[in-house]
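What follows is a set of notes on a single structure, which appears directly below.
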Amino acid sequence: MLEVRSLEKRYGAQHAVRDFSHRFADGKITTILGPSGSGKSTALALIAGLKQPDRGTVHLDGRDITAVPPERRDFGMVFQNYSLFPHLSVQKNVEFGLRVRGAAAVERSARARETLALTRIEHLAERRITEISGGEQQRVAMARALAIRPALLLMDEPLSALDAKLREELRAELLRLLGELGITTVYVTHDQTEAMSLGHEMIIVNEGRIEQTGAPIDLYQRPANLFVANFLGDSNVFAAEADNRTGQVRLPFASANGSSPDSALKCWAMIRPEALELVRQEEADFSAIVESSTFLGNRLRLCLRAGDETLIVDTANRTPIALQTPVFVRVKKEEISTWPR
Amino acid sequence: MRMDRIGILALYLITWALLIVVAAPLLVVLAGAFLDPSLLGVSSERWAADTSAFVPGWFGYVFALYGRSMQFSLLLALLSVAVCIVVSVPAAYAIVRTDSRAGRALEEITLLPLSIPGIAMSIGLIQAYTIVRGQWWLILCGHVLYTIPLMMRVVTNALRSFDLEKLEGVAQSLGANRWQRSLFVILPNLRHSIIVGSLLVFAISWGEFNVSFLLNTPLHQTYPAALYATYTANSFAVSSAATTIFLAVIIPVLLALQWIGGREFNRLEQAA
């Protein structure tokens, strides 16, 4: 099992990574998600050994490997720009790890073919790197990392350079492949969809620190703090008040259901766009005015004004709604998250 | 339509005229090298040309008189190439890889000799290293100072054209140690640039006159200095033959440079 304890990396006065501790589940995919500059790639480089931490340790199966150079860690790596060796053919790229390990030519070639078959690009073996497409290059990078039968697979934004359709296709393929191999994978990305769909577990980082870890669905439904709530998925966040005794949230724009001000706690409240429903007047919690409506294919996204707040609402009913139309909204109360303000 | 035709015709004419203007001196020189001895009138060289009959024209005479200079210049050029490779490749790697302020300063400093006139450089070398004046390798130092900036530029540009850190990181994760990374990843990708740089260095060293002339000694005369001597002391036929030999060495190098440089460009275009 891979474990990192209190990793810290500074560049000058700035912390790239701090207090980074986590146990990575064996045979599972852990995605590290964060905005650009959040230190997620640095964290990966620390795990790989390509950078040395200023503090903290990296452990593999209980053994401290912080001082072990990357070439003796047996971790496969895949980068965003693939970093294929431009002077070598596809097959020679895949053979590289075996070559520096002194494997015999016959064995090298057999293993390379086998791995290329696994990533479904056997037919490209003799091609030059410049002669294949981006998606194919990604598969070569994958095969090259897997050919050494690594103890761990580290991926740094491996699909970011591809267009949306190809990205989706390769994501599914990656899920199949990694599932088949059952290899422990750490996957860094800034793409939420990727992080949620690939990760058995997710780590959300911001400013070098872990904000929250857990299964994607838990993080989405129960964000630990405002940052996670804002960052992961779309959300409506606003200042609200919660009743001291009942815990019920008093929304600033739904003035009807009021509790006495002296028993109220100030808080931040977050509601997902899909937790708001358009209903008939008698079922509604509040009313609002449609400010914009955007057709998104499978749903309609409305931008509503209620009091001083602007709310986004997703609805499966895709009938266009005229601007400035008054609408009535119900809140799924159990899906409101709150934090003290 | 008519105007176009006339325009194109005019372009052709101008191009050909320019070509003739540029090529004519070369043709005159080439012809001069085969000048019949009898046309020179009474001259000590006439006798010399008659005795070296197994080489056509005046080449035999030039070889006999300046053969040592040729050898010396060839040796200098080859050594300059060797020194430039041995020094520039590791230095360029260190500068690009560390990407520090000190590294960039060092890079600027290595470019400095290009901006210093040859005379100043030579006198500087003579004054700084009085004791070794007259040693052949002081000339080598001069040549290296002039050629190293070019080699450095070519190699640092090549190193910057790919993401060295990631490329090495991947190689490292695949198990390659420092030597394996240099040998199997970095050097193969620098091959073209090193060849281009070497041809440049060779061409410049072979034709370098300023430093060569001022640090010249009777024992160690470079070929460009010898050429100068033929222009001042020998007949037109002899200096033509000497110049032809000079060109015969440098023109293939320049053609190779053009050819490989073009291929390298195509390769980079493809990769991008």
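All residue names refer to the structure tokens as shown: chains lettered A, B, ... in order, residues numbered from 1 in each chain, ligands numbered from 1 in order.
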Just list as a PyMOL selection string whatever in range 16-193 of chain B DSSP marks as alpha helix (DSSP H). chain B and resi 16-32+44-51+59-98+101-111+118-128+136-160+164-173+178-181+187-193
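Using only C-alpha atoms, the chain A residues found within 6 Å of chain B amount to Pro70, Glu71, Phe75, Ser83, Gly97, Val100 and Thr130 of chain A.
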Residues near Arg55 in chain A, anyone? I mean within 12 Å using only C-alpha atoms, not counting same-chain ones fewer than 4 positions away, as a ChimeraX atom specification. /A:4-10,15,17-21,46,51,66-67
Output all heavy atoms of each residue in that selection to a file, as a short mmCIF file (atom, residue, chain, number, x, y, z; two decimals), in the first residue's frame.
```cif
data_model
loop_
_atom_site.label_atom_id
_atom_site.label_comp_id
_atom_site.auth_asym_id
_atom_site.auth_seq_id
_atom_site.Cartn_x
_atom_site.Cartn_y
_atom_site.Cartn_z
N VAL A 4 1.38 8.38 2.06
CA VAL A 4 2.23 9.58 2.21
C VAL A 4 1.88 10.23 3.54
O VAL A 4 0.73 10.25 3.96
CB VAL A 4 2.03 10.59 1.06
CG1 VAL A 4 2.55 10.02 -0.24
CG2 VAL A 4 0.57 10.98 0.90
N ARG A 5 2.93 10.70 4.21
CA ARG A 5 2.71 11.30 5.53
C ARG A 5 3.26 12.73 5.57
O ARG A 5 4.46 12.93 5.35
CB ARG A 5 3.43 10.47 6.61
CG ARG A 5 2.81 9.11 6.81
CD ARG A 5 3.49 8.36 7.93
NE ARG A 5 3.17 6.93 7.85
CZ ARG A 5 3.93 5.98 8.36
NH1 ARG A 5 5.05 6.28 8.99
NH2 ARG A 5 3.56 4.71 8.25
N SER A 6 2.41 13.67 5.83
CA SER A 6 2.77 15.09 6.04
C SER A 6 3.73 15.63 5.00
O SER A 6 4.70 16.30 5.35
CB SER A 6 3.39 15.29 7.42
OG SER A 6 2.71 14.57 8.38
N LEU A 7 3.50 15.32 3.74
CA LEU A 7 4.40 15.83 2.70
C LEU A 7 4.35 17.34 2.64
O LEU A 7 3.28 17.94 2.76
CB LEU A 7 4.03 15.26 1.34
CG LEU A 7 4.41 13.80 1.07
CD1 LEU A 7 4.01 13.42 -0.35
CD2 LEU A 7 5.90 13.58 1.28
N GLU A 8 5.52 17.93 2.45
CA GLU A 8 5.59 19.38 2.31
C GLU A 8 6.64 19.73 1.29
O GLU A 8 7.72 19.13 1.25
CB GLU A 8 5.97 20.01 3.65
CG GLU A 8 5.97 21.52 3.61
CD GLU A 8 6.27 22.14 4.97
OE1 GLU A 8 5.63 21.74 5.96
OE2 GLU A 8 7.15 23.00 5.02
N LYS A 9 6.31 20.65 0.37
CA LYS A 9 7.26 21.11 -0.63
C LYS A 9 7.09 22.60 -0.79
O LYS A 9 5.99 23.09 -1.02
CB LYS A 9 7.02 20.39 -1.96
CG LYS A 9 7.97 20.79 -3.07
CD LYS A 9 9.32 20.19 -2.86
CE LYS A 9 10.31 20.64 -3.95
NZ LYS A 9 11.67 20.20 -3.60
N ARG A 10 8.21 23.32 -0.64
CA ARG A 10 8.17 24.77 -0.77
C ARG A 10 8.97 25.20 -1.98
O ARG A 10 9.99 24.61 -2.31
CB ARG A 10 8.78 25.44 0.46
CG ARG A 10 7.82 25.70 1.59
CD ARG A 10 8.57 26.42 2.70
NE ARG A 10 9.84 25.77 2.96
CZ ARG A 10 10.11 25.10 4.08
NH1 ARG A 10 9.23 25.01 5.03
NH2 ARG A 10 11.28 24.53 4.25
N HIS A 15 4.33 27.64 -0.44
CA HIS A 15 4.09 26.22 -0.26
C HIS A 15 3.41 25.65 -1.50
O HIS A 15 2.29 26.06 -1.82
CB HIS A 15 3.18 25.98 0.95
CG HIS A 15 3.91 26.04 2.25
ND1 HIS A 15 4.16 27.20 2.89
CD2 HIS A 15 4.46 25.05 2.99
CE1 HIS A 15 4.84 26.95 4.01
NE2 HIS A 15 5.03 25.65 4.09
N VAL A 17 3.02 22.26 -1.73
CA VAL A 17 2.28 21.17 -1.08
C VAL A 17 2.55 21.28 0.41
O VAL A 17 3.67 21.54 0.82
CB VAL A 17 2.77 19.79 -1.58
CG1 VAL A 17 2.29 18.68 -0.68
CG2 VAL A 17 2.32 19.54 -3.02
N ARG A 18 1.48 21.13 1.23
CA ARG A 18 1.75 21.12 2.67
C ARG A 18 0.79 20.19 3.40
O ARG A 18 -0.37 20.03 2.99
CB ARG A 18 1.71 22.51 3.27
CG ARG A 18 0.44 23.26 3.00
CD ARG A 18 0.53 24.62 3.66
NE ARG A 18 -0.21 25.60 2.89
CZ ARG A 18 -0.29 26.87 3.25
NH1 ARG A 18 0.31 27.30 4.31
NH2 ARG A 18 -0.98 27.70 2.52
N ASP A 19 1.32 19.56 4.42
CA ASP A 19 0.55 18.68 5.27
C ASP A 19 -0.28 17.70 4.45
O ASP A 19 -1.48 17.56 4.65
CB ASP A 19 -0.36 19.51 6.19
CG ASP A 19 -0.84 18.66 7.36
OD1 ASP A 19 -0.14 17.68 7.69
OD2 ASP A 19 -1.92 18.95 7.89
N PHE A 20 0.38 17.04 3.53
CA PHE A 20 -0.31 16.15 2.60
C PHE A 20 -0.16 14.72 3.09
O PHE A 20 0.90 14.11 2.96
CB PHE A 20 0.31 16.31 1.21
CG PHE A 20 -0.56 15.85 0.08
CD1 PHE A 20 -1.32 16.74 -0.66
CD2 PHE A 20 -0.61 14.50 -0.27
CE1 PHE A 20 -2.12 16.31 -1.70
CE2 PHE A 20 -1.41 14.07 -1.31
CZ PHE A 20 -2.16 14.98 -2.04
N SER A 21 -1.22 14.17 3.68
CA SER A 21 -1.17 12.80 4.18
C SER A 21 -2.33 12.01 3.61
O SER A 21 -3.46 12.50 3.57
CB SER A 21 -1.28 12.78 5.71
OG SER A 21 -0.25 13.53 6.28
N LEU A 46 6.20 14.22 -6.02
CA LEU A 46 6.78 13.80 -4.74
C LEU A 46 6.59 12.29 -4.55
O LEU A 46 7.49 11.60 -4.07
CB LEU A 46 6.13 14.55 -3.58
CG LEU A 46 6.42 16.05 -3.50
CD1 LEU A 46 5.62 16.68 -2.36
CD2 LEU A 46 7.90 16.32 -3.32
N LYS A 51 10.61 14.74 -7.42
CA LYS A 51 10.96 15.87 -6.57
C LYS A 51 11.11 15.34 -5.16
O LYS A 51 10.45 14.38 -4.78
CB LYS A 51 9.86 16.94 -6.62
CG LYS A 51 9.77 17.63 -7.97
CD LYS A 51 8.98 18.93 -7.88
CE LYS A 51 9.17 19.78 -9.11
NZ LYS A 51 8.17 19.48 -10.15
N THR A 66 11.18 7.36 0.70
CA THR A 66 11.39 8.78 0.40
C THR A 66 12.74 9.03 -0.28
O THR A 66 12.83 9.84 -1.18
CB THR A 66 11.31 9.61 1.69
OG1 THR A 66 10.23 9.12 2.47
CG2 THR A 66 11.10 11.07 1.38
N ALA A 67 13.78 8.30 0.16
CA ALA A 67 15.11 8.55 -0.37
C ALA A 67 15.44 7.68 -1.58
O ALA A 67 16.51 7.82 -2.18
CB ALA A 67 16.14 8.32 0.73
#
```
